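Below is query-v3.json, which holds JSON, C-alpha atoms.
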```json
[["chain", "number", "residue", "atom", "x", "y", "z"],
["A", 3, "MET", "CA", -12.67, 9.74, 12.85],
["A", 4, "LEU", "CA", -14.53, 12.77, 11.57],
["A", 5, "ARG", "CA", -17.56, 11.50, 9.62],
["A", 6, "VAL", "CA", -18.16, 14.04, 6.88],
["A", 7, "PRO", "CA", -21.23, 13.20, 4.74],
["A", 8, "MET", "CA", -20.11, 12.22, 1.25],
["A", 9, "CYS", "CA", -21.01, 9.44, -1.14],
["A", 10, "ARG", "CA", -22.10, 5.88, -0.39],
["A", 11, "LEU", "CA", -20.70, 2.65, -1.84],
["A", 12, "PHE", "CA", -21.95, -0.90, -2.22],
["A", 13, "GLY", "CA", -19.94, -3.77, -3.70],
["A", 14, "PHE", "CA", -20.90, -7.43, -4.00],
["A", 15, "ARG", "CA", -19.03, -10.53, -5.17],
["A", 16, "SER", "CA", -20.55, -14.03, -4.93],
["A", 17, "VAL", "CA", -20.13, -17.57, -6.23],
["A", 18, "ILE", "CA", -23.75, -17.54, -7.41],
["A", 19, "GLN", "CA", -25.89, -14.98, -9.17],
["A", 20, "SER", "CA", -27.82, -13.04, -6.56],
["A", 21, "GLN", "CA", -30.42, -10.31, -6.65],
["A", 22, "VAL", "CA", -29.47, -7.10, -4.89],
["A", 23, "HIS", "CA", -32.87, -5.37, -4.66],
["A", 24, "ARG", "CA", -32.89, -5.66, -0.85],
["A", 25, "SER", "CA", -29.41, -4.14, -0.47],
["A", 26, "LEU", "CA", -30.12, -1.33, -2.94],
["A", 27, "VAL", "CA", -33.78, -0.55, -2.19],
["A", 28, "ALA", "CA", -35.73, -2.68, 0.25],
["A", 29, "ALA", "CA", -33.67, -2.82, 3.46],
["A", 30, "ASP", "CA", -34.24, -0.15, 6.09],
["A", 31, "ASN", "CA", -30.80, 1.35, 5.40],
["A", 32, "ALA", "CA", -30.40, 0.20, 1.78],
["A", 33, "LEU", "CA", -28.19, 2.21, -0.56],
["A", 34, "GLY", "CA", -31.18, 3.90, -2.19],
["A", 35, "ARG", "CA", -32.49, 5.03, 1.18],
["A", 36, "GLN", "CA", -29.04, 6.40, 2.04],
["A", 37, "SER", "CA", -29.39, 8.61, -1.03],
["A", 38, "ALA", "CA", -31.71, 10.88, 0.97],
["A", 39, "GLY", "CA", -28.56, 12.73, 2.02],
["A", 40, "HIS", "CA", -26.73, 11.96, -1.23],
["A", 41, "PRO", "CA", -28.99, 13.32, -3.98],
["A", 42, "ASP", "CA", -26.51, 14.18, -6.74],
["A", 43, "GLY", "CA", -26.62, 11.04, -8.86],
["A", 44, "TRP", "CA", -26.28, 7.28, -8.78],
["A", 45, "GLY", "CA", -24.86, 4.38, -10.74],
["A", 46, "VAL", "CA", -25.08, 0.60, -10.80],
["A", 47, "ALA", "CA", -22.60, -1.69, -12.58],
["A", 48, "TYR", "CA", -23.21, -5.41, -12.86],
["A", 49, "TYR", "CA", -21.64, -8.19, -14.89],
["A", 50, "VAL", "CA", -23.21, -10.55, -17.42],
["A", 51, "ASP", "CA", -20.98, -13.22, -19.00],
["A", 52, "GLY", "CA", -17.91, -11.35, -17.80],
["A", 53, "SER", "CA", -18.91, -8.00, -19.31],
["A", 54, "PRO", "CA", -19.91, -4.93, -17.29],
["A", 55, "HIS", "CA", -23.32, -3.34, -17.78],
["A", 56, "LEU", "CA", -23.41, 0.21, -16.42],
["A", 57, "THR", "CA", -26.39, 2.47, -15.74],
["A", 58, "ARG", "CA", -25.88, 5.99, -14.35],
["A", 59, "SER", "CA", -28.10, 9.00, -13.76],
["A", 60, "PRO", "CA", -27.66, 12.46, -12.18],
["A", 61, "GLY", "CA", -31.06, 12.05, -10.53],
["A", 62, "HIS", "CA", -31.91, 11.27, -6.90],
["A", 63, "ALA", "CA", -31.76, 7.47, -6.61],
["A", 64, "LEU", "CA", -34.69, 6.87, -4.28],
["A", 65, "SER", "CA", -37.07, 8.95, -6.40],
["A", 66, "ASP", "CA", -35.67, 7.74, -9.74],
["A", 67, "ALA", "CA", -37.85, 5.09, -11.41],
["A", 68, "LEU", "CA", -34.83, 3.88, -13.39],
["A", 69, "PHE", "CA", -32.91, 3.13, -10.17],
["A", 70, "HIS", "CA", -35.80, 1.04, -8.88],
["A", 71, "ARG", "CA", -36.13, -0.77, -12.22],
["A", 72, "VAL", "CA", -32.41, -1.57, -12.47],
["A", 73, "SER", "CA", -32.24, -2.63, -8.83],
["A", 74, "GLY", "CA", -35.21, -4.93, -9.32],
["A", 75, "VAL", "CA", -33.83, -6.80, -12.34],
["A", 76, "VAL", "CA", -30.12, -7.03, -11.50],
["A", 77, "SER", "CA", -29.04, -10.58, -10.75],
["A", 78, "SER", "CA", -25.30, -11.05, -10.97],
["A", 79, "GLU", "CA", -22.22, -12.50, -9.31],
["A", 80, "THR", "CA", -20.65, -9.02, -9.21],
["A", 81, "VAL", "CA", -22.26, -5.64, -8.53],
["A", 82, "LEU", "CA", -20.82, -2.19, -7.76],
["A", 83, "ALA", "CA", -23.22, 0.65, -6.90],
["A", 84, "HIS", "CA", -22.81, 4.27, -5.79],
["A", 85, "VAL", "CA", -24.94, 7.23, -4.70],
["A", 86, "ARG", "CA", -23.31, 10.62, -5.03],
["A", 87, "LYS", "CA", -22.88, 13.64, -2.82],
["A", 88, "ALA", "CA", -21.07, 15.97, -5.20],
["A", 89, "THR", "CA", -17.79, 17.53, -4.06],
["A", 90, "GLN", "CA", -15.89, 17.91, -7.36],
["A", 91, "GLY", "CA", -17.59, 18.49, -10.70],
["A", 92, "PRO", "CA", -21.19, 19.48, -11.52],
["A", 93, "LYS", "CA", -24.24, 17.24, -11.37],
["A", 94, "THR", "CA", -24.00, 15.49, -14.75],
["A", 95, "VAL", "CA", -24.14, 11.87, -15.88],
["A", 96, "LEU", "CA", -20.44, 11.96, -16.84],
["A", 97, "ASN", "CA", -19.55, 12.74, -13.23],
["A", 98, "CYS", "CA", -21.66, 9.91, -11.78],
["A", 99, "HIS", "CA", -19.98, 6.76, -10.53],
["A", 100, "PRO", "CA", -19.10, 3.99, -11.22],
["A", 101, "PHE", "CA", -16.63, 4.81, -14.00],
["A", 102, "GLN", "CA", -15.75, 2.18, -16.59],
["A", 103, "TYR", "CA", -12.83, 1.27, -18.81],
["A", 104, "GLY", "CA", -12.88, -2.13, -20.50],
["A", 105, "ARG", "CA", -13.87, -4.71, -17.91],
["A", 106, "TRP", "CA", -12.90, -2.51, -14.95],
["A", 107, "VAL", "CA", -15.33, -0.29, -13.03],
["A", 108, "PHE", "CA", -14.52, 2.00, -10.10],
["A", 109, "ALA", "CA", -16.36, 4.06, -7.49],
["A", 110, "HIS", "CA", -14.98, 6.50, -4.92],
["A", 111, "ASN", "CA", -16.24, 7.94, -1.65],
["A", 112, "GLY", "CA", -14.09, 10.93, -0.86],
["A", 113, "ASP", "CA", -12.66, 14.24, -1.91],
["A", 114, "LEU", "CA", -9.40, 15.93, -2.83],
["A", 115, "PRO", "CA", -9.85, 19.54, -1.70],
["A", 116, "ARG", "CA", -8.76, 22.15, -4.26],
["A", 117, "PHE", "CA", -8.54, 19.37, -6.83],
["A", 118, "HIS", "CA", -8.90, 21.55, -9.93],
["A", 119, "GLN", "CA", -6.67, 24.32, -8.62],
["A", 120, "ALA", "CA", -3.86, 22.20, -7.17],
["A", 121, "TYR", "CA", -3.93, 18.55, -8.17],
["A", 122, "ARG", "CA", -5.70, 17.78, -11.43],
["A", 123, "ARG", "CA", -2.81, 18.71, -13.73],
["A", 124, "PRO", "CA", 0.01, 16.92, -11.83],
["A", 125, "LEU", "CA", -2.12, 13.79, -11.35],
["A", 126, "LEU", "CA", -3.10, 13.71, -15.03],
["A", 127, "ALA", "CA", 0.61, 13.76, -15.86],
["A", 128, "LEU", "CA", 1.00, 10.47, -13.97],
["A", 129, "ILE", "CA", -1.63, 8.71, -16.08],
["A", 130, "ALA", "CA", -0.56, 6.72, -19.14],
["A", 131, "PRO", "CA", -0.95, 9.00, -22.20],
["A", 132, "ARG", "CA", -3.05, 6.42, -24.06],
["A", 133, "LEU", "CA", -5.57, 6.37, -21.18],
["A", 134, "ARG", "CA", -5.98, 10.13, -20.67],
["A", 135, "PRO", "CA", -8.43, 10.68, -23.60],
["A", 136, "PHE", "CA", -10.92, 8.37, -21.89],
["A", 137, "ILE", "CA", -11.32, 10.72, -18.92],
["A", 138, "LEU", "CA", -14.62, 12.36, -19.85],
["A", 139, "GLY", "CA", -15.84, 13.98, -16.61],
["A", 140, "GLU", "CA", -14.54, 16.58, -14.20],
["A", 141, "THR", "CA", -14.18, 14.64, -10.93],
["A", 142, "ASP", "CA", -11.16, 13.73, -8.87],
["A", 143, "SER", "CA", -12.66, 10.23, -8.67],
["A", 144, "GLU", "CA", -12.31, 9.52, -12.38],
["A", 145, "VAL", "CA", -8.69, 10.67, -12.31],
["A", 146, "LEU", "CA", -8.06, 8.28, -9.39],
["A", 147, "PHE", "CA", -9.57, 5.47, -11.47],
["A", 148, "PHE", "CA", -7.24, 6.04, -14.41],
["A", 149, "LEU", "CA", -4.28, 6.44, -12.10],
["A", 150, "PHE", "CA", -5.15, 2.99, -10.72],
["A", 151, "LEU", "CA", -5.41, 1.57, -14.26],
["A", 152, "THR", "CA", -2.01, 3.05, -15.08],
["A", 153, "GLN", "CA", -0.46, 1.27, -12.11],
["A", 154, "LEU", "CA", -2.33, -1.93, -12.89],
["A", 155, "GLU", "CA", -1.12, -1.92, -16.49],
["A", 156, "LYS", "CA", 2.46, -2.08, -15.20],
["A", 157, "ARG", "CA", 1.54, -5.57, -14.00],
["A", 158, "GLY", "CA", 0.07, -6.77, -17.31],
["A", 159, "ARG", "CA", -2.48, -6.02, -20.01],
["A", 160, "LEU", "CA", -5.71, -4.61, -18.56],
["A", 161, "SER", "CA", -7.70, -7.32, -20.33],
["A", 162, "LYS", "CA", -5.99, -10.12, -18.40],
["A", 163, "ALA", "CA", -7.16, -11.68, -15.14],
["A", 164, "PHE", "CA", -5.34, -10.15, -12.18],
["A", 165, "ALA", "CA", -4.66, -11.73, -8.82],
["A", 166, "ALA", "CA", -6.22, -9.85, -5.93],
["A", 167, "SER", "CA", -2.75, -9.10, -4.55],
["A", 168, "ASP", "CA", -1.70, -7.43, -7.84],
["A", 169, "ALA", "CA", -4.84, -5.30, -7.97],
["A", 170, "MET", "CA", -4.45, -4.35, -4.30],
["A", 171, "ASP", "CA", -0.82, -3.36, -4.83],
["A", 172, "ALA", "CA", -1.75, -1.33, -7.92],
["A", 173, "LEU", "CA", -4.50, 0.50, -6.04],
["A", 174, "GLY", "CA", -2.18, 1.09, -3.09],
["A", 175, "ASP", "CA", 0.55, 2.44, -5.39],
["A", 176, "ALA", "CA", -1.90, 4.79, -7.12],
["A", 177, "LEU", "CA", -3.16, 6.19, -3.83],
["A", 178, "ASP", "CA", 0.39, 6.54, -2.50],
["A", 179, "LEU", "CA", 1.18, 8.69, -5.55],
["A", 180, "VAL", "CA", -1.83, 10.87, -4.75],
["A", 181, "ARG", "CA", -0.70, 11.26, -1.14],
["A", 182, "GLN", "CA", 2.80, 12.24, -2.28],
["A", 183, "HIS", "CA", 1.32, 15.14, -4.24],
["A", 184, "LEU", "CA", -0.97, 16.41, -1.49],
["A", 185, "ALA", "CA", -0.16, 19.68, 0.21],
["A", 186, "LEU", "CA", -3.14, 20.09, 2.50],
["A", 187, "ALA", "CA", -3.80, 23.38, 4.20],
["A", 188, "GLU", "CA", -4.69, 23.49, 7.88],
["A", 189, "GLY", "CA", -8.13, 22.01, 8.40],
["A", 190, "GLU", "CA", -8.21, 20.24, 5.01],
["A", 191, "GLU", "CA", -8.61, 16.48, 4.71],
["A", 192, "ALA", "CA", -8.38, 14.17, 1.71],
["A", 193, "PHE", "CA", -10.53, 11.04, 1.56],
["A", 194, "LEU", "CA", -9.65, 8.10, -0.69],
["A", 195, "THR", "CA", -12.11, 5.30, 0.06],
["A", 196, "CYS", "CA", -12.86, 3.35, -3.12],
["A", 197, "ILE", "CA", -13.78, 0.00, -4.73],
["A", 198, "ALA", "CA", -12.66, -1.41, -8.09],
["A", 199, "THR", "CA", -13.61, -4.61, -9.89],
["A", 200, "ASP", "CA", -13.28, -6.36, -13.25],
["A", 201, "GLY", "CA", -16.14, -8.70, -12.43],
["A", 202, "ALA", "CA", -13.89, -11.45, -11.07],
["A", 203, "THR", "CA", -11.41, -9.62, -8.85],
["A", 204, "MET", "CA", -12.74, -6.93, -6.49],
["A", 205, "VAL", "CA", -10.59, -4.70, -4.27],
["A", 206, "ALA", "CA", -11.48, -2.01, -1.74],
["A", 207, "HIS", "CA", -9.49, 0.60, 0.17],
["A", 208, "GLN", "CA", -10.47, 2.50, 3.30],
["A", 209, "GLY", "CA", -9.06, 5.96, 2.74],
["A", 210, "GLY", "CA", -10.56, 7.90, 5.62],
["A", 211, "LYS", "CA", -14.26, 7.40, 4.90],
["A", 212, "GLU", "CA", -15.98, 4.46, 6.56],
["A", 213, "LEU", "CA", -16.23, 1.13, 4.75],
["A", 214, "TYR", "CA", -17.37, -2.27, 6.04],
["A", 215, "TRP", "CA", -17.07, -5.80, 4.67],
["A", 216, "SER", "CA", -18.92, -9.03, 5.30],
["A", 217, "SER", "CA", -18.08, -12.57, 4.18],
["A", 218, "HIS", "CA", -20.58, -14.60, 6.22],
["A", 219, "LYS", "CA", -23.98, -14.45, 7.89],
["A", 220, "THR", "CA", -25.29, -15.45, 11.28],
["A", 221, "ARG", "CA", -27.67, -17.79, 9.44],
["A", 222, "CYS", "CA", -28.36, -17.86, 5.71],
["A", 223, "ALA", "CA", -32.02, -17.31, 4.89],
["A", 224, "ASP", "CA", -31.60, -19.62, 1.88],
["A", 225, "ARG", "CA", -29.83, -22.42, 3.72],
["A", 226, "GLY", "CA", -32.60, -24.88, 2.86],
["A", 227, "SER", "CA", -32.45, -24.25, -0.90],
["A", 228, "CYS", "CA", -29.02, -22.89, -1.82],
["A", 229, "PRO", "CA", -26.90, -25.46, -3.71],
["A", 230, "ARG", "CA", -23.64, -23.73, -2.71],
["A", 231, "LEU", "CA", -24.21, -23.55, 1.05],
["A", 232, "SER", "CA", -20.98, -24.22, 2.94],
["A", 233, "ALA", "CA", -19.55, -23.70, 6.41],
["A", 234, "GLU", "CA", -17.97, -20.42, 5.22],
["A", 235, "CYS", "CA", -21.45, -18.97, 4.61],
["A", 236, "GLU", "CA", -22.23, -18.90, 8.34],
["A", 237, "ALA", "CA", -18.79, -18.66, 9.98],
["A", 238, "PRO", "CA", -15.44, -16.92, 9.37],
["A", 239, "SER", "CA", -13.37, -18.63, 6.70],
["A", 240, "ALA", "CA", -10.56, -20.87, 7.96],
["A", 241, "ASP", "CA", -8.55, -20.84, 4.71],
["A", 242, "GLY", "CA", -9.41, -17.50, 3.08],
["A", 243, "TYR", "CA", -11.96, -18.92, 0.62],
["A", 244, "VAL", "CA", -15.49, -17.50, 0.92],
["A", 245, "ASN", "CA", -18.80, -17.82, -0.92],
["A", 246, "HIS", "CA", -19.54, -14.11, -0.91],
["A", 247, "LEU", "CA", -17.96, -10.77, -0.03],
["A", 248, "VAL", "CA", -19.97, -7.58, 0.46],
["A", 249, "PHE", "CA", -18.68, -4.02, 0.93],
["A", 250, "SER", "CA", -20.87, -1.19, 2.19],
["A", 251, "SER", "CA", -20.41, 2.33, 3.50],
["A", 252, "GLU", "CA", -22.84, 1.40, 6.27],
["A", 253, "PRO", "CA", -23.62, -2.03, 7.74],
["A", 254, "LEU", "CA", -26.84, -3.19, 6.09],
["A", 255, "LEU", "CA", -29.48, -4.59, 8.38],
["A", 256, "GLY", "CA", -30.01, -8.33, 8.12],
["A", 257, "GLU", "CA", -28.03, -11.51, 8.66],
["A", 258, "ASN", "CA", -24.60, -10.36, 7.47],
["A", 259, "VAL", "CA", -21.81, -10.09, 10.06],
["A", 260, "TRP", "CA", -19.97, -6.81, 9.40],
["A", 261, "ASN", "CA", -16.32, -5.84, 9.94],
["A", 262, "GLU", "CA", -15.19, -2.21, 9.90],
["A", 263, "MET", "CA", -12.10, -1.44, 7.84],
["A", 264, "VAL", "CA", -9.49, 0.93, 9.24],
["A", 265, "PRO", "CA", -7.64, 3.74, 7.39],
["A", 266, "GLY", "CA", -5.02, 2.31, 5.05],
["A", 267, "GLU", "CA", -6.58, -1.16, 4.92],
["A", 268, "LEU", "CA", -7.13, -2.99, 1.64],
["A", 269, "VAL", "CA", -9.43, -5.98, 1.19],
["A", 270, "GLY", "CA", -9.65, -7.99, -2.01],
["A", 271, "ILE", "CA", -11.04, -11.15, -3.55],
["A", 272, "ASP", "CA", -10.04, -12.97, -6.74],
["A", 273, "TRP", "CA", -11.76, -15.18, -9.30],
["A", 274, "ARG", "CA", -11.25, -18.21, -7.03],
["A", 275, "MET", "CA", -13.14, -16.41, -4.25],
["A", 276, "ARG", "CA", -10.03, -16.27, -2.10],
["A", 277, "MET", "CA", -10.14, -13.21, 0.13],
["A", 278, "GLN", "CA", -7.01, -11.27, 1.12],
["A", 279, "ARG", "CA", -6.28, -8.31, 3.35],
["A", 280, "ALA", "CA", -3.36, -5.90, 3.40],
["A", 281, "GLY", "CA", -2.33, -2.80, 5.27],
["A", 282, "ALA", "CA", -3.28, -1.72, 8.75],
["A", 283, "THR", "CA", -5.17, -3.83, 11.22],
["A", 284, "ALA", "CA", -7.69, -2.43, 13.66],
["A", 285, "ALA", "CA", -5.11, -2.75, 16.44],
["A", 286, "GLU", "CA", -2.30, -0.97, 14.57],
["A", 287, "ALA", "CA", -3.69, 1.58, 12.14],
["A", 288, "PRO", "CA", -0.79, 3.78, 10.97],
["A", 289, "PRO", "CA", -1.38, 7.45, 11.82],
["A", 290, "ASP", "CA", -0.95, 8.56, 8.19],
["A", 291, "GLY", "CA", -3.35, 5.94, 6.83],
["A", 292, "ARG", "CA", -0.65, 4.29, 4.69],
["A", 293, "ARG", "CA", -0.69, 0.61, 3.91],
["A", 294, "ARG", "CA", 1.75, -2.13, 4.80],
["A", 295, "LEU", "CA", 2.71, -4.21, 1.79],
["A", 296, "ALA", "CA", 2.49, -7.65, 3.34],
["A", 297, "ILE", "CA", -0.54, -9.63, 2.21],
["A", 298, "ALA", "CA", -2.26, -11.46, 5.05],
["A", 299, "LYS", "CA", -4.67, -14.35, 4.63],
["A", 300, "ALA", "CA", -8.16, -13.41, 5.79]]
```

Can you give me the file's structure in the form of C-alpha cells?
Amino acid sequence: MLRVPMCRLFGFRSVIQSQVHRSLVAADNALGRQSAGHPDGWGVAYYVDGSPHLTRSPGHALSDALFHRVSGVVSSETVLAHVRKATQGPKTVLNCHPFQYGRWVFAHNGDLPRFHQAYRRPLLALIAPRLRPFILGETDSEVLFFLFLTQLEKRGRLSKAFAASDAMDALGDALDLVRQHLALAEGEEAFLTCIATDGATMVAHQGGKELYWSSHKTRCADRGSCPRLSAECEAPSADGYVNHLVFSSEPLLGENVWNEMVPGELVGIDWRMRMQRAGATAAEAPPDGRRRLAIAKA
C-alpha cells in the first residue's frame, strides 16, 4: 500500500473513564507528536454524561497550549481525536475535525481528489435536505459525515441508540455511494479511512489509509487497582465482549496489542462493549477495497 502522508486519527472506547494524555501527548509516538508532519489543525471530542464536548483549532497541535490543556484534563469513556494535514479546504477551524451533529462526531483520514470540481455537488445531492444546512466547512470529510448520517437516519432517528452493525452498515453504504460516483484519473487515489461515534457506539473503516485497533494489552499497568480488570483486558476476547477498544493511525508504544485493518474492513463496538468486524479479512482483502456485508464476531 502506498503510504501518502495525510491526517492522523485516534479513537477510544472503554468501560471506565480513562485519561488519554499519554496517547495524545506523552507517548513517544502520541497523536500530538505525529502532528509534526500534520500541522494544519487538530480536534478532540470527548463525552460527558452522554453529550459530546468538542474542541478544535487550526493551530499546530504539539505547539498549541490549548491542545496540551485539553489532553491533560480529558477523562472519558469515549474520545475521538484528529490532527490534520490539509488536502481539501483552507486552514480554518470550520475545516478541522472531528465534525459534530447531535451526539455523533466524525473524523476522516483521506482525500477525494478534485473534490470541489467533480464530486461536491453530486455528493451533496445525496444528503438529506434537512441536514445540508449544517455543513459549514469546505472539506470532503464533512460531506462524508453527513452522507453517513443520511444513511444512518434510514435506520432510525439519529437521537436513538444504534447497534454497531447498523452503524457499520450505514457507514459502508455511505462510502459505497462515494465509490460509485468516483471517476479517478490515472494516478489518482481516493482514501476513505474514518471513525464515527455517538459516545456509546463507535465504528471505523479502513479506506486505504492505515488504521490499527487494539482491544487488549500484554499486561495492564493498572491490574492491581482497576475494579474492572477481566481476562479480556490481557487476552483476545472469546465472546466478542471487551473492556476497551482503541483505534490509531499508528500503533502507539506501550502495552496494547495492535491489529492492522485491511482495506474495506469495518470494526465497531456498541454500548454493551460488544465488538464486531465486517468486510475483508487480512487473508482475503478484496482488490477494490469493498466490504462484505456479513458481520463476524470478533

(message) Residues within 6 Å of (-18.3, -9.6, -9.9), file coordinates, counting all atoms listed in the file: what are they? Give the list as JSON, numbers by chain.
(response) {"A": [15, 79, 80, 81, 201, 202]}

For those residues, write C-alpha atoms to a file as a PDB file, in the frame of the given file.
```
ATOM      1  CA  ARG A  15     -19.030 -10.530  -5.170  1.00  0.00           C
ATOM      2  CA  GLU A  79     -22.220 -12.500  -9.310  1.00  0.00           C
ATOM      3  CA  THR A  80     -20.650  -9.020  -9.210  1.00  0.00           C
ATOM      4  CA  VAL A  81     -22.260  -5.640  -8.530  1.00  0.00           C
ATOM      5  CA  GLY A 201     -16.140  -8.700 -12.430  1.00  0.00           C
ATOM      6  CA  ALA A 202     -13.890 -11.450 -11.070  1.00  0.00           C
TER       7      ALA A 202
END
```

(message) I need the residue nearest A:Phe249 from this list: A:Val46, A:Leu173, A:Ala187, A:Ala83. Use only C-alpha atoms for the distance.
(response)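 Residue with the minimum atom-to-atom distance to A:Phe249: A:Ala83.
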
(message) Report, in Å with one decimal, the straight-line distance from atom CA of A:Glu252 to atom CA of A:Gly266.
(response)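 Computed distance, atom CA of A:Glu252 to atom CA of A:Gly266, equals 17.9 Å.
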
(request) Might you pull out every residue within 10 Å of stretch 150-153 of chain A, with only C-alpha atoms counted and same-chain residues fewer than 3 positions away left off, and present them as a PyMOL selection string? (result) chain A and resi 103+106+108+128-134+144-147+156-160+168-177+179+198

(message) Report, in Å with one decimal, the straight-line distance from atom CA of A:Trp273 to atom CA of A:Asp178.
(response)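 Separating atom CA of A:Trp273 from atom CA of A:Asp178 is a distance of 25.8 Å.
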
(request) Rounded to one decimal place, report the atom CA of A:Arg181-atom CA of A:Ser216 distance in Å. (result)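 So the two atoms, atom CA of A:Arg181 and atom CA of A:Ser216, lie 28.0 Å apart.
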
(message) Considering only C-alpha atoms, can you say which of A:Ile137, A:Ala166, A:Ala47, A:Leu186 comes closest to A:Arg116?
(response)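 The answer is A:Leu186, which sits nearest to A:Arg116.
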
(request) Rank A:Leu126, A:Ser77, A:Ala185, A:Thr199 by their smallest atom-to-atom distance to A:Phe101, using all atoms listed in the file, and report the top residue only. (result)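 Using all atoms listed in the file, A:Phe101 sits closest to A:Thr199.
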
(request) Using all atoms listed in the file, find the one residue out of A:Val85, A:Ala109, A:Ala127, A:Ile18 that sits nearest to A:His246. (result) A:Ile18

(message) I'd like the neighbourhood of A:Val205 as a ChimeraX atom specification, where a residue qualifies if any of its atoms comes within 6 Å (using all atoms listed in the file), though same-chain residues fewer than 5 positions away should be ignored.
(response) /A:197-198,269-270

(request) Point out the residue among A:Gln278, A:Ser143, A:Ser250, A:Thr195 with the least atom-to-atom distance to A:Gln102, counting all atoms listed in the file. (result)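 Closest candidate: A:Ser143.
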
(request) For A:Leu96, work out the shell of residues within 8 Å, counting all atoms listed in the file and skipping chain neighbours fewer than 3 positions away, then give it as a list in words. (result)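 Result of the neighbour search: Leu138, Gly139 and Glu140 of chain A.
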
(request) Can you work out which one of A:Lys211, A:Arg276, A:His55, A:Arg123 has the shortest atom-to-atom distance to A:Ser239, counting only C-alpha atoms? (result) A:Arg276

(request) Select, counting all atoms listed in the file, all protein, DNA and RNA residues no farther than 10 Å from (-15.0, -9.1, 7.7) in file coordinates, and express the selection as a PyMOL selection string. (result) chain A and resi 214-218+238-239+247-249+258-263+269+277+279+300

Subset file: stretch 240-283 of chain A, C-alpha atoms, as a PDB file, in the first residue's frame:
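Okay, selection_39.pdb is ready:
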```pdb
ATOM      1  CA  ALA A 240     -13.578 -15.255  23.414  1.00  0.00           C
ATOM      2  CA  ASP A 241     -17.139 -13.934  23.028  1.00  0.00           C
ATOM      3  CA  GLY A 242     -16.727 -10.518  21.400  1.00  0.00           C
ATOM      4  CA  TYR A 243     -17.117  -8.504  24.623  1.00  0.00           C
ATOM      5  CA  VAL A 244     -14.152  -6.295  25.547  1.00  0.00           C
ATOM      6  CA  ASN A 245     -13.299  -3.734  28.217  1.00  0.00           C
ATOM      7  CA  HIS A 246     -11.727  -1.266  25.814  1.00  0.00           C
ATOM      8  CA  LEU A 247     -11.216  -0.652  22.103  1.00  0.00           C
ATOM      9  CA  VAL A 248      -8.621   1.760  20.722  1.00  0.00           C
ATOM     10  CA  PHE A 249      -8.131   2.909  17.121  1.00  0.00           C
ATOM     11  CA  SER A 250      -4.985   4.668  15.929  1.00  0.00           C
ATOM     12  CA  SER A 251      -3.382   5.593  12.628  1.00  0.00           C
ATOM     13  CA  GLU A 252      -0.132   4.273  14.073  1.00  0.00           C
ATOM     14  CA  PRO A 253       0.412   1.645  16.785  1.00  0.00           C
ATOM     15  CA  LEU A 254       1.093   3.558  19.999  1.00  0.00           C
ATOM     16  CA  LEU A 255       4.031   2.386  22.042  1.00  0.00           C
ATOM     17  CA  GLY A 256       3.129   0.649  25.287  1.00  0.00           C
ATOM     18  CA  GLU A 257       1.263  -2.446  26.417  1.00  0.00           C
ATOM     19  CA  ASN A 258      -1.512  -2.526  23.804  1.00  0.00           C
ATOM     20  CA  VAL A 259      -1.523  -5.393  21.291  1.00  0.00           C
ATOM     21  CA  TRP A 260      -2.261  -3.886  17.855  1.00  0.00           C
ATOM     22  CA  ASN A 261      -4.045  -5.348  14.820  1.00  0.00           C
ATOM     23  CA  GLU A 262      -3.786  -3.741  11.388  1.00  0.00           C
ATOM     24  CA  MET A 263      -7.040  -3.287   9.488  1.00  0.00           C
ATOM     25  CA  VAL A 264      -7.134  -4.051   5.778  1.00  0.00           C
ATOM     26  CA  PRO A 265      -8.832  -2.017   3.005  1.00  0.00           C
ATOM     27  CA  GLY A 266     -12.597  -2.428   3.142  1.00  0.00           C
ATOM     28  CA  GLU A 267     -12.647  -3.636   6.750  1.00  0.00           C
ATOM     29  CA  LEU A 268     -15.062  -2.201   9.315  1.00  0.00           C
ATOM     30  CA  VAL A 269     -14.691  -2.583  13.076  1.00  0.00           C
ATOM     31  CA  GLY A 270     -17.324  -1.456  15.561  1.00  0.00           C
ATOM     32  CA  ILE A 271     -18.354  -1.605  19.194  1.00  0.00           C
ATOM     33  CA  ASP A 272     -21.743  -0.935  20.802  1.00  0.00           C
ATOM     34  CA  TRP A 273     -22.994   0.317  24.163  1.00  0.00           C
ATOM     35  CA  ARG A 274     -22.646  -3.208  25.603  1.00  0.00           C
ATOM     36  CA  MET A 275     -18.948  -3.208  24.640  1.00  0.00           C
ATOM     37  CA  ARG A 276     -19.518  -5.995  22.139  1.00  0.00           C
ATOM     38  CA  MET A 277     -17.028  -5.706  19.297  1.00  0.00           C
ATOM     39  CA  GLN A 278     -17.878  -6.677  15.716  1.00  0.00           C
ATOM     40  CA  ARG A 279     -15.982  -6.814  12.446  1.00  0.00           C
ATOM     41  CA  ALA A 280     -17.210  -6.787   8.864  1.00  0.00           C
ATOM     42  CA  GLY A 281     -15.711  -6.738   5.406  1.00  0.00           C
ATOM     43  CA  ALA A 282     -12.378  -8.056   4.254  1.00  0.00           C
ATOM     44  CA  THR A 283     -10.027 -10.096   6.361  1.00  0.00           C
TER      45      THR A 283
END
```
